[in-house]
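Q: Input structure: protein.csv, which contains CSV, N, CA and C atoms.
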```
chain,number,residue,atom,x,y,z
E,1,MET,N,-31.6,-14.7,-7.6
E,1,MET,CA,-31.9,-15.9,-8.4
E,1,MET,C,-30.7,-16.8,-8.5
E,2,ALA,N,-29.6,-16.2,-8.9
E,2,ALA,CA,-28.3,-17.0,-9.1
E,2,ALA,C,-27.9,-17.5,-7.7
E,3,PHE,N,-28.1,-16.7,-6.6
E,3,PHE,CA,-27.7,-17.1,-5.3
E,3,PHE,C,-28.5,-18.3,-4.9
E,4,GLU,N,-29.8,-18.3,-5.2
E,4,GLU,CA,-30.6,-19.5,-4.8
E,4,GLU,C,-30.2,-20.7,-5.5
E,5,GLU,N,-29.8,-20.6,-6.8
E,5,GLU,CA,-29.3,-21.7,-7.6
E,5,GLU,C,-28.0,-22.2,-7.0
E,6,PHE,N,-27.2,-21.3,-6.6
E,6,PHE,CA,-25.9,-21.7,-6.0
E,6,PHE,C,-26.1,-22.5,-4.7
E,7,ILE,N,-27.0,-22.0,-3.9
E,7,ILE,CA,-27.4,-22.7,-2.6
E,7,ILE,C,-28.0,-24.1,-2.9
E,8,SER,N,-28.8,-24.2,-3.9
E,8,SER,CA,-29.4,-25.5,-4.2
E,8,SER,C,-28.4,-26.5,-4.7
E,9,ILE,N,-27.3,-26.0,-5.4
E,9,ILE,CA,-26.3,-26.9,-5.9
E,9,ILE,C,-25.4,-27.3,-4.7
E,10,ILE,N,-25.2,-26.4,-3.8
E,10,ILE,CA,-24.4,-26.8,-2.6
E,10,ILE,C,-25.1,-27.8,-1.7
E,11,ASN,N,-26.4,-27.6,-1.6
E,11,ASN,CA,-27.2,-28.6,-0.8
E,11,ASN,C,-27.6,-29.8,-1.5
E,12,LEU,N,-27.0,-30.0,-2.7
E,12,LEU,CA,-27.3,-31.2,-3.5
E,12,LEU,C,-26.9,-32.5,-2.7
E,13,ASN,N,-25.7,-32.5,-2.2
E,13,ASN,CA,-25.3,-33.7,-1.4
E,13,ASN,C,-24.3,-33.2,-0.3
E,14,GLU,N,-23.9,-34.1,0.6
E,14,GLU,CA,-23.0,-33.7,1.6
E,14,GLU,C,-21.6,-33.4,1.2
E,15,TYR,N,-21.2,-33.9,0.1
E,15,TYR,CA,-19.8,-33.7,-0.4
E,15,TYR,C,-19.7,-32.3,-1.0
E,16,THR,N,-20.6,-31.9,-1.8
E,16,THR,CA,-20.6,-30.5,-2.3
E,16,THR,C,-20.7,-29.5,-1.2
E,17,LYS,N,-21.5,-29.8,-0.2
E,17,LYS,CA,-21.6,-28.9,1.0
E,17,LYS,C,-20.2,-28.9,1.7
E,18,ALA,N,-19.6,-30.0,1.9
E,18,ALA,CA,-18.3,-30.1,2.6
E,18,ALA,C,-17.2,-29.3,1.8
E,19,ILE,N,-17.2,-29.4,0.5
E,19,ILE,CA,-16.2,-28.7,-0.3
E,19,ILE,C,-16.5,-27.2,-0.3
E,20,ALA,N,-17.7,-26.8,-0.3
E,20,ALA,CA,-18.0,-25.4,-0.3
E,20,ALA,C,-17.7,-24.8,1.1
E,21,ILE,N,-17.9,-25.5,2.2
E,21,ILE,CA,-17.6,-25.0,3.5
E,21,ILE,C,-16.1,-25.0,3.6
E,22,PHE,N,-15.4,-26.0,3.2
E,22,PHE,CA,-13.9,-26.0,3.2
E,22,PHE,C,-13.3,-24.8,2.5
E,23,ILE,N,-13.7,-24.7,1.2
E,23,ILE,CA,-13.1,-23.6,0.4
E,23,ILE,C,-13.5,-22.2,1.0
E,24,GLY,N,-14.8,-22.0,1.3
E,24,GLY,CA,-15.2,-20.8,1.8
E,24,GLY,C,-14.6,-20.4,3.1
E,25,LEU,N,-14.5,-21.3,4.1
E,25,LEU,CA,-13.9,-21.0,5.4
E,25,LEU,C,-12.4,-20.8,5.2
E,26,PHE,N,-11.7,-21.5,4.4
E,26,PHE,CA,-10.3,-21.3,4.1
E,26,PHE,C,-10.0,-19.9,3.6
E,27,LEU,N,-10.8,-19.5,2.6
E,27,LEU,CA,-10.6,-18.2,2.0
E,27,LEU,C,-10.9,-17.1,3.0
E,28,ILE,N,-11.9,-17.3,3.8
E,28,ILE,CA,-12.3,-16.3,4.8
E,28,ILE,C,-11.1,-16.1,5.9
E,29,ILE,N,-10.6,-17.3,6.3
E,29,ILE,CA,-9.5,-17.2,7.3
E,29,ILE,C,-8.3,-16.6,6.7
E,30,ARG,N,-8.0,-17.0,5.4
E,30,ARG,CA,-6.8,-16.5,4.8
E,30,ARG,C,-6.9,-15.0,4.6
E,31,LEU,N,-8.1,-14.5,4.2
E,31,LEU,CA,-8.3,-13.1,4.1
E,31,LEU,C,-8.1,-12.3,5.4
E,32,CYS,N,-8.6,-12.9,6.5
E,32,CYS,CA,-8.4,-12.3,7.8
E,32,CYS,C,-7.0,-12.3,8.2
E,33,ILE,N,-6.2,-13.4,7.9
E,33,ILE,CA,-4.8,-13.4,8.2
E,33,ILE,C,-4.1,-12.3,7.4
E,34,PHE,N,-4.5,-12.2,6.1
E,34,PHE,CA,-3.8,-11.2,5.2
E,34,PHE,C,-4.1,-9.8,5.8
E,35,ILE,N,-5.3,-9.5,6.1
E,35,ILE,CA,-5.7,-8.1,6.6
E,35,ILE,C,-4.9,-7.8,7.9
E,36,ILE,N,-5.0,-8.8,8.9
E,36,ILE,CA,-4.3,-8.5,10.1
E,36,ILE,C,-2.8,-8.4,9.9
E,37,ARG,N,-2.2,-9.2,9.0
E,37,ARG,CA,-0.8,-9.1,8.8
E,37,ARG,C,-0.4,-7.7,8.2
E,38,ARG,N,-1.2,-7.2,7.3
E,38,ARG,CA,-0.9,-5.9,6.7
E,38,ARG,C,-1.0,-4.8,7.8
E,39,ILE,N,-2.0,-4.9,8.7
E,39,ILE,CA,-2.2,-3.9,9.7
E,39,ILE,C,-1.0,-4.0,10.7
E,40,LEU,N,-0.6,-5.2,11.1
E,40,LEU,CA,0.5,-5.4,12.0
E,40,LEU,C,1.8,-4.9,11.4
E,41,LEU,N,2.0,-5.2,10.1
E,41,LEU,CA,3.2,-4.7,9.5
E,41,LEU,C,3.3,-3.2,9.4
E,42,LEU,N,2.2,-2.5,9.3
E,42,LEU,CA,2.2,-1.1,9.3
E,42,LEU,C,2.7,-0.5,10.7
E,43,PHE,N,2.3,-1.2,11.8
E,43,PHE,CA,2.7,-0.8,13.1
E,43,PHE,C,4.1,-1.2,13.3
E,44,ALA,N,4.5,-2.4,12.8
E,44,ALA,CA,5.9,-2.9,13.1
E,44,ALA,C,7.0,-2.1,12.3
E,45,LYS,N,6.6,-1.5,11.2
E,45,LYS,CA,7.6,-0.7,10.5
E,45,LYS,C,8.0,0.6,11.3
E,46,ARG,N,7.2,1.0,12.2
E,46,ARG,CA,7.6,2.2,13.0
E,46,ARG,C,8.6,1.9,14.1
E,47,THR,N,8.9,0.6,14.4
E,47,THR,CA,9.8,0.3,15.4
E,47,THR,C,11.2,0.3,14.9
E,48,ARG,N,12.2,0.3,15.8
E,48,ARG,CA,13.6,0.4,15.4
E,48,ARG,C,14.2,-0.9,14.9
E,49,THR,N,13.7,-2.0,15.5
E,49,THR,CA,14.2,-3.3,15.1
E,49,THR,C,13.3,-3.9,14.0
E,50,ASP,N,13.9,-4.9,13.4
E,50,ASP,CA,13.1,-5.6,12.3
E,50,ASP,C,12.7,-7.0,12.8
E,51,ILE,N,12.9,-7.3,14.1
E,51,ILE,CA,12.5,-8.6,14.6
E,51,ILE,C,11.0,-8.8,14.6
E,52,ASP,N,10.2,-7.7,14.9
E,52,ASP,CA,8.8,-7.8,14.9
E,52,ASP,C,8.3,-8.0,13.4
E,53,ASP,N,8.9,-7.4,12.5
E,53,ASP,CA,8.5,-7.6,11.1
E,53,ASP,C,8.7,-9.1,10.7
E,54,LEU,N,9.8,-9.6,11.1
E,54,LEU,CA,10.1,-11.0,10.8
E,54,LEU,C,9.2,-12.0,11.5
E,55,LEU,N,8.8,-11.7,12.7
E,55,LEU,CA,7.9,-12.5,13.5
E,55,LEU,C,6.5,-12.5,12.8
E,56,ILE,N,6.1,-11.4,12.3
E,56,ILE,CA,4.8,-11.3,11.7
E,56,ILE,C,4.8,-12.0,10.4
E,57,ILE,N,5.8,-11.9,9.6
E,57,ILE,CA,5.9,-12.5,8.3
E,57,ILE,C,5.9,-14.1,8.5
E,58,LYS,N,6.8,-14.5,9.3
E,58,LYS,CA,7.0,-16.0,9.5
E,58,LYS,C,5.8,-16.6,10.2
E,59,SER,N,5.2,-15.9,11.1
E,59,SER,CA,4.0,-16.5,11.8
E,59,SER,C,2.8,-16.5,10.9
E,60,SER,N,2.7,-15.6,10.0
E,60,SER,CA,1.5,-15.6,9.0
E,60,SER,C,1.7,-16.8,8.0
E,61,GLU,N,2.9,-17.1,7.7
E,61,GLU,CA,3.1,-18.2,6.8
E,61,GLU,C,2.8,-19.5,7.5
E,62,ALA,N,3.1,-19.6,8.8
E,62,ALA,CA,2.8,-20.8,9.6
E,62,ALA,C,1.3,-20.9,9.9
E,63,LEU,N,0.6,-19.8,9.9
E,63,LEU,CA,-0.9,-19.8,10.2
E,63,LEU,C,-1.7,-20.3,9.0
E,64,VAL,N,-1.1,-20.3,7.8
E,64,VAL,CA,-1.8,-20.9,6.7
E,64,VAL,C,-2.1,-22.4,6.9
E,65,PHE,N,-1.1,-23.1,7.4
E,65,PHE,CA,-1.4,-24.5,7.7
E,65,PHE,C,-2.5,-24.7,8.8
E,66,THR,N,-2.5,-23.9,9.8
E,66,THR,CA,-3.5,-24.0,10.8
E,66,THR,C,-4.9,-23.7,10.2
E,67,ALA,N,-4.9,-22.7,9.3
E,67,ALA,CA,-6.2,-22.3,8.6
E,67,ALA,C,-6.7,-23.5,7.8
E,68,LEU,N,-5.7,-24.1,7.1
E,68,LEU,CA,-6.1,-25.3,6.2
E,68,LEU,C,-6.7,-26.4,7.0
E,69,PHE,N,-6.1,-26.7,8.2
E,69,PHE,CA,-6.6,-27.9,8.9
E,69,PHE,C,-7.9,-27.5,9.6
E,70,ILE,N,-8.1,-26.3,10.1
E,70,ILE,CA,-9.3,-25.9,10.7
E,70,ILE,C,-10.5,-25.9,9.6
E,71,SER,N,-10.2,-25.5,8.4
E,71,SER,CA,-11.2,-25.5,7.3
E,71,SER,C,-11.5,-26.9,6.9
E,72,LEU,N,-10.5,-27.8,6.9
E,72,LEU,CA,-10.7,-29.2,6.6
E,72,LEU,C,-11.6,-29.9,7.6
E,73,TYR,N,-11.3,-29.5,8.9
E,73,TYR,CA,-12.1,-30.1,10.0
E,73,TYR,C,-13.6,-29.8,9.8
E,74,PHE,N,-13.9,-28.5,9.6
E,74,PHE,CA,-15.3,-28.1,9.5
E,74,PHE,C,-15.9,-28.6,8.2
E,75,GLY,N,-15.1,-28.7,7.2
E,75,GLY,CA,-15.7,-29.2,5.9
E,75,GLY,C,-16.0,-30.7,6.1
E,76,LEU,N,-15.1,-31.5,6.7
E,76,LEU,CA,-15.4,-32.9,6.9
E,76,LEU,C,-16.5,-33.2,7.9
E,77,LYS,N,-16.8,-32.2,8.7
E,77,LYS,CA,-17.9,-32.4,9.7
E,77,LYS,C,-19.2,-32.6,9.0
E,78,GLN,N,-19.3,-32.1,7.7
E,78,GLN,CA,-20.5,-32.2,6.9
E,78,GLN,C,-20.8,-33.6,6.3
E,79,ILE,N,-19.7,-34.4,6.3
E,79,ILE,CA,-19.8,-35.7,5.7
E,79,ILE,C,-20.1,-36.8,6.8
E,80,THR,N,-21.0,-37.7,6.5
E,80,THR,CA,-21.3,-38.7,7.4
E,80,THR,C,-20.4,-39.9,7.1
E,81,PHE,N,-19.5,-40.2,8.1
E,81,PHE,CA,-18.6,-41.3,7.9
E,81,PHE,C,-19.1,-42.5,8.7
E,82,PRO,N,-18.6,-43.7,8.3
E,82,PRO,CA,-18.9,-44.9,9.1
E,82,PRO,C,-18.4,-44.7,10.5
E,83,GLU,N,-19.0,-45.5,11.4
E,83,GLU,CA,-18.8,-45.3,12.9
E,83,GLU,C,-17.3,-45.5,13.2
E,84,LEU,N,-16.6,-46.4,12.6
E,84,LEU,CA,-15.2,-46.7,12.9
E,84,LEU,C,-14.3,-45.7,12.2
E,85,VAL,N,-14.7,-45.1,11.2
E,85,VAL,CA,-13.8,-44.3,10.4
E,85,VAL,C,-13.7,-42.8,10.9
E,86,ALA,N,-14.8,-42.3,11.4
E,86,ALA,CA,-14.9,-40.9,11.9
E,86,ALA,C,-13.9,-40.6,13.0
E,87,PRO,N,-13.8,-41.4,14.0
E,87,PRO,CA,-12.8,-41.0,15.0
E,87,PRO,C,-11.4,-41.0,14.5
E,88,VAL,N,-11.1,-41.9,13.6
E,88,VAL,CA,-9.7,-41.9,13.0
E,88,VAL,C,-9.4,-40.7,12.2
E,89,ILE,N,-10.4,-40.3,11.4
E,89,ILE,CA,-10.2,-39.1,10.6
E,89,ILE,C,-10.1,-37.8,11.5
E,90,TYR,N,-10.9,-37.7,12.5
E,90,TYR,CA,-10.9,-36.5,13.4
E,90,TYR,C,-9.6,-36.5,14.3
E,91,ASN,N,-9.1,-37.7,14.6
E,91,ASN,CA,-7.9,-37.8,15.4
E,91,ASN,C,-6.7,-37.4,14.6
E,92,ILE,N,-6.7,-37.8,13.3
E,92,ILE,CA,-5.6,-37.4,12.4
E,92,ILE,C,-5.6,-35.9,12.2
E,93,LEU,N,-6.8,-35.3,12.0
E,93,LEU,CA,-6.9,-33.8,11.8
E,93,LEU,C,-6.5,-33.1,13.1
E,94,ALA,N,-6.9,-33.6,14.2
E,94,ALA,CA,-6.5,-33.0,15.5
E,94,ALA,C,-4.9,-33.0,15.6
E,95,SER,N,-4.4,-34.1,15.2
E,95,SER,CA,-2.9,-34.3,15.3
E,95,SER,C,-2.2,-33.3,14.3
E,96,LEU,N,-2.8,-33.2,13.1
E,96,LEU,CA,-2.2,-32.2,12.2
E,96,LEU,C,-2.4,-30.8,12.7
E,97,LEU,N,-3.5,-30.5,13.3
E,97,LEU,CA,-3.7,-29.1,13.9
E,97,LEU,C,-2.7,-28.9,15.0
E,98,VAL,N,-2.4,-29.8,15.8
E,98,VAL,CA,-1.4,-29.7,16.9
E,98,VAL,C,0.0,-29.5,16.3
E,99,LEU,N,0.3,-30.3,15.2
E,99,LEU,CA,1.6,-30.1,14.6
E,99,LEU,C,1.7,-28.7,14.0
E,100,SER,N,0.7,-28.2,13.4
E,100,SER,CA,0.8,-26.9,12.8
E,100,SER,C,0.9,-25.8,13.8
E,101,VAL,N,0.2,-25.9,14.9
E,101,VAL,CA,0.4,-24.9,16.0
E,101,VAL,C,1.8,-25.1,16.6
E,102,GLY,N,2.3,-26.3,16.7
E,102,GLY,CA,3.7,-26.5,17.2
E,102,GLY,C,4.7,-25.9,16.3
E,103,TYR,N,4.4,-26.0,15.0
E,103,TYR,CA,5.3,-25.4,14.0
E,103,TYR,C,5.3,-23.9,14.2
E,104,LEU,N,4.2,-23.3,14.4
E,104,LEU,CA,4.1,-21.9,14.6
E,104,LEU,C,4.9,-21.5,15.8
E,105,ILE,N,4.8,-22.2,16.9
E,105,ILE,CA,5.5,-21.9,18.1
E,105,ILE,C,7.0,-22.1,17.9
E,106,PHE,N,7.4,-23.1,17.1
E,106,PHE,CA,8.8,-23.3,16.8
E,106,PHE,C,9.4,-22.2,16.0
E,107,VAL,N,8.6,-21.7,15.0
E,107,VAL,CA,9.1,-20.6,14.2
E,107,VAL,C,9.3,-19.3,15.1
E,108,LEU,N,8.4,-19.1,15.9
E,108,LEU,CA,8.5,-17.9,16.8
E,108,LEU,C,9.7,-18.0,17.7
E,109,ILE,N,9.9,-19.1,18.4
E,109,ILE,CA,11.0,-19.3,19.3
E,109,ILE,C,12.3,-19.3,18.5
E,110,ASN,N,12.4,-19.9,17.3
E,110,ASN,CA,13.6,-20.0,16.5
E,110,ASN,C,14.0,-18.6,16.1
E,111,ILE,N,13.1,-17.7,15.7
E,111,ILE,CA,13.5,-16.3,15.4
E,111,ILE,C,14.0,-15.6,16.6
E,112,ALA,N,13.3,-15.8,17.7
E,112,ALA,CA,13.8,-15.1,18.9
E,112,ALA,C,15.2,-15.5,19.4
E,113,LEU,N,15.3,-16.8,19.4
E,113,LEU,CA,16.6,-17.4,19.9
E,113,LEU,C,17.8,-17.0,18.9
E,114,THR,N,17.5,-17.1,17.6
E,114,THR,CA,18.5,-16.7,16.6
E,114,THR,C,19.0,-15.3,16.8
E,115,ARG,N,18.0,-14.4,17.1
E,115,ARG,CA,18.4,-13.0,17.3
E,115,ARG,C,19.2,-12.8,18.6
E,116,ILE,N,18.7,-13.5,19.6
E,116,ILE,CA,19.4,-13.4,20.9
E,116,ILE,C,20.8,-13.9,20.8
E,117,TRP,N,21.0,-15.1,20.2
E,117,TRP,CA,22.4,-15.7,20.1
E,117,TRP,C,23.3,-14.8,19.2
E,118,ALA,N,22.7,-14.2,18.2
E,118,ALA,CA,23.5,-13.3,17.3
E,118,ALA,C,24.0,-12.1,18.0
E,119,ALA,N,23.1,-11.6,18.9
E,119,ALA,CA,23.5,-10.4,19.7
E,119,ALA,C,24.6,-10.8,20.7
E,120,LEU,N,24.5,-11.9,21.3
E,120,LEU,CA,25.5,-12.4,22.2
E,120,LEU,C,26.8,-12.7,21.5
E,121,ALA,N,26.7,-13.2,20.3
E,121,ALA,CA,28.0,-13.5,19.6
E,121,ALA,C,28.7,-12.3,19.2
E,122,LYS,N,28.0,-11.2,18.9
E,122,LYS,CA,28.7,-9.9,18.6
E,122,LYS,C,29.5,-9.4,19.8
E,123,ARG,N,29.1,-9.7,21.0
E,123,ARG,CA,29.7,-9.1,22.2
E,123,ARG,C,31.0,-9.9,22.6
E,124,THR,N,31.1,-11.2,22.1
E,124,THR,CA,32.2,-12.0,22.5
E,124,THR,C,33.4,-11.6,21.6
E,125,GLU,N,34.6,-12.0,22.1
E,125,GLU,CA,35.8,-11.6,21.4
E,125,GLU,C,36.4,-12.8,20.6
E,126,SER,N,35.8,-14.0,20.7
E,126,SER,CA,36.4,-15.2,20.0
E,126,SER,C,36.0,-15.1,18.6
E,127,ASN,N,36.8,-15.9,17.8
E,127,ASN,CA,36.6,-16.0,16.3
E,127,ASN,C,35.7,-17.1,15.9
E,128,ILE,N,35.3,-17.9,16.9
E,128,ILE,CA,34.5,-19.1,16.6
E,128,ILE,C,33.1,-18.8,16.1
E,129,ASP,N,32.5,-17.7,16.6
E,129,ASP,CA,31.1,-17.4,16.1
E,129,ASP,C,31.1,-16.8,14.8
```
As structure tokens - that is how I would like this structure written.
A:
Amino acid sequence: MAFEEFISIINLNEYTKAIAIFIGLFLIIRLCIFIIRRILLLFAKRTRTDIDDLLIIKSSEALVFTALFISLYFGLKQITFPELVAPVIYNILASLLVLSVGYLIFVLINIALTRIWAALAKRTESNID
């Protein structure tokens, strides 16, 4: 009974449907990221280095932005926009999604390069590093 009332409220108009899809999808993706992160951290703690722990933690933080933009995209698909506005909105969301994936790649490369350069700096005899 309460579920049917909830569905009828969501289907009231396209804006409530868009908000419900946005929030629901975002929470589902965040929950999946949280569960996968916990499982991967259990496996990563068994290794000798901590670089994998750091990669998992930093990448899961960056995945939040990706989850946000994916949820926003599917939520906004429920709203009917004017003909000239829709391409602009979806192009902006696609650009933000590309930026968030680029940030994720940057984080992963930054961690790897920082560790590699730190290991190389320990082997050198100069005082500059």
Q: Given only C-alpha atoms as the basis, pick out the residue of E:Ile70, E:Leu104, E:Ile23, E:Ile56 nearest to Arg38 (chain E).
A: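 Ranking E:Ile70, E:Leu104, E:Ile23, E:Ile56 by distance to Arg38 (chain E), first place goes to E:Ile56.
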Q: Provide the atom C of Leu113 (chain E) to atom C of Asp50 (chain E) distance in Å, to one decimal place.
A: 12.8 Å
Q: Based on the backbone DSSP call, show me all residues of region 4-62 of chain E assigned alpha helix (DSSP H), as a VMD selection string.
A: chain E and resid 4 to 10 14 to 44 51 to 62
Q: I need the residue nearest Leu97 (chain E) from this list: E:Ile111, E:Val85, E:Leu68, E:Ala20. Use all atoms listed in the file for the distance.
A: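 Of E:Ile111, E:Val85, E:Leu68, E:Ala20, the one nearest Leu97 (chain E), counting all atoms listed in the file, is E:Leu68.
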Q: Nearest to Val107 (chain E): which of E:Ala67, E:Ala62, E:Ala86, E:Leu120 is it, counting all atoms listed in the file?
A: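 Of E:Ala67, E:Ala62, E:Ala86, E:Leu120, the one nearest Val107 (chain E), counting all atoms listed in the file, is E:Ala62.
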Q: Figure out the distance between atom N of Pro82 (chain E) and atom C of Leu99 (chain E), please, to one decimal in Å.
A: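 Spanning atom C of Leu99 (chain E) to atom N of Pro82 (chain E) is a straight-line distance of 25.9 Å.
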Q: Kindly add all heavy atoms to the incomplete region 116-125 of chain E and provide the output as a tab-separated table (two decimals), in the frame of the given file.
A:
```
chain	number	residue	atom	x	y	z
E	116	ILE	N	18.70	-13.50	19.60
E	116	ILE	CA	19.40	-13.40	20.90
E	116	ILE	C	20.80	-13.90	20.80
E	116	ILE	O	21.80	-13.27	21.30
E	116	ILE	CB	18.63	-14.12	22.04
E	116	ILE	CG1	17.34	-13.37	22.32
E	116	ILE	CG2	19.47	-14.26	23.31
E	116	ILE	CD1	16.38	-14.13	23.23
E	117	TRP	N	21.00	-15.10	20.20
E	117	TRP	CA	22.40	-15.70	20.10
E	117	TRP	C	23.30	-14.80	19.20
E	117	TRP	O	24.47	-14.70	19.41
E	117	TRP	CB	22.32	-17.10	19.59
E	117	TRP	CG	21.83	-18.04	20.64
E	117	TRP	CD1	20.69	-18.76	20.62
E	117	TRP	CD2	22.46	-18.34	21.90
E	117	TRP	NE1	20.57	-19.49	21.77
E	117	TRP	CE2	21.65	-19.25	22.57
E	117	TRP	CE3	23.64	-17.90	22.52
E	117	TRP	CZ2	21.96	-19.75	23.82
E	117	TRP	CZ3	23.94	-18.42	23.77
E	117	TRP	CH2	23.11	-19.32	24.41
E	118	ALA	N	22.70	-14.20	18.20
E	118	ALA	CA	23.50	-13.30	17.30
E	118	ALA	C	24.00	-12.10	18.00
E	118	ALA	O	25.10	-11.67	17.89
E	118	ALA	CB	22.68	-12.94	16.06
E	119	ALA	N	23.10	-11.60	18.90
E	119	ALA	CA	23.50	-10.40	19.70
E	119	ALA	C	24.60	-10.80	20.70
E	119	ALA	O	25.52	-10.00	20.92
E	119	ALA	CB	22.27	-9.82	20.40
E	120	LEU	N	24.50	-11.90	21.30
E	120	LEU	CA	25.50	-12.40	22.20
E	120	LEU	C	26.80	-12.70	21.50
E	120	LEU	O	27.88	-12.43	22.09
E	120	LEU	CB	25.01	-13.64	23.00
E	120	LEU	CG	23.92	-13.42	24.04
E	120	LEU	CD1	23.45	-14.76	24.60
E	120	LEU	CD2	24.41	-12.52	25.16
E	121	ALA	N	26.70	-13.20	20.30
E	121	ALA	CA	28.00	-13.50	19.60
E	121	ALA	C	28.70	-12.30	19.20
E	121	ALA	O	29.95	-12.30	19.11
E	121	ALA	CB	27.62	-14.37	18.35
E	122	LYS	N	28.00	-11.20	18.90
E	122	LYS	CA	28.70	-9.90	18.60
E	122	LYS	C	29.50	-9.40	19.80
E	122	LYS	O	30.49	-8.71	19.57
E	122	LYS	CB	27.67	-8.90	18.14
E	122	LYS	CG	27.12	-9.14	16.77
E	122	LYS	CD	26.14	-8.05	16.40
E	122	LYS	CE	25.54	-8.31	15.04
E	122	LYS	NZ	24.56	-7.27	14.69
E	123	ARG	N	29.10	-9.70	21.00
E	123	ARG	CA	29.70	-9.10	22.20
E	123	ARG	C	31.00	-9.90	22.60
E	123	ARG	O	31.79	-9.41	23.30
E	123	ARG	CB	28.74	-9.13	23.34
E	123	ARG	CG	27.60	-8.18	23.13
E	123	ARG	CD	26.69	-8.19	24.31
E	123	ARG	NE	25.48	-7.41	24.02
E	123	ARG	CZ	24.38	-7.48	24.73
E	123	ARG	NH1	24.32	-8.26	25.77
E	123	ARG	NH2	23.34	-6.75	24.40
E	124	THR	N	31.10	-11.20	22.10
E	124	THR	CA	32.20	-12.00	22.50
E	124	THR	C	33.40	-11.60	21.60
E	124	THR	O	33.28	-11.11	20.49
E	124	THR	CB	31.92	-13.45	22.38
E	124	THR	OG1	31.59	-13.77	21.03
E	124	THR	CG2	30.77	-13.84	23.30
E	125	GLU	N	34.60	-12.00	22.10
E	125	GLU	CA	35.80	-11.60	21.40
E	125	GLU	C	36.40	-12.80	20.60
E	125	GLU	O	37.45	-12.68	19.97
E	125	GLU	CB	36.87	-11.08	22.36
E	125	GLU	CG	36.44	-9.79	22.98
E	125	GLU	CD	37.48	-9.26	23.95
E	125	GLU	OE1	38.61	-9.77	23.93
E	125	GLU	OE2	37.14	-8.35	24.71
```
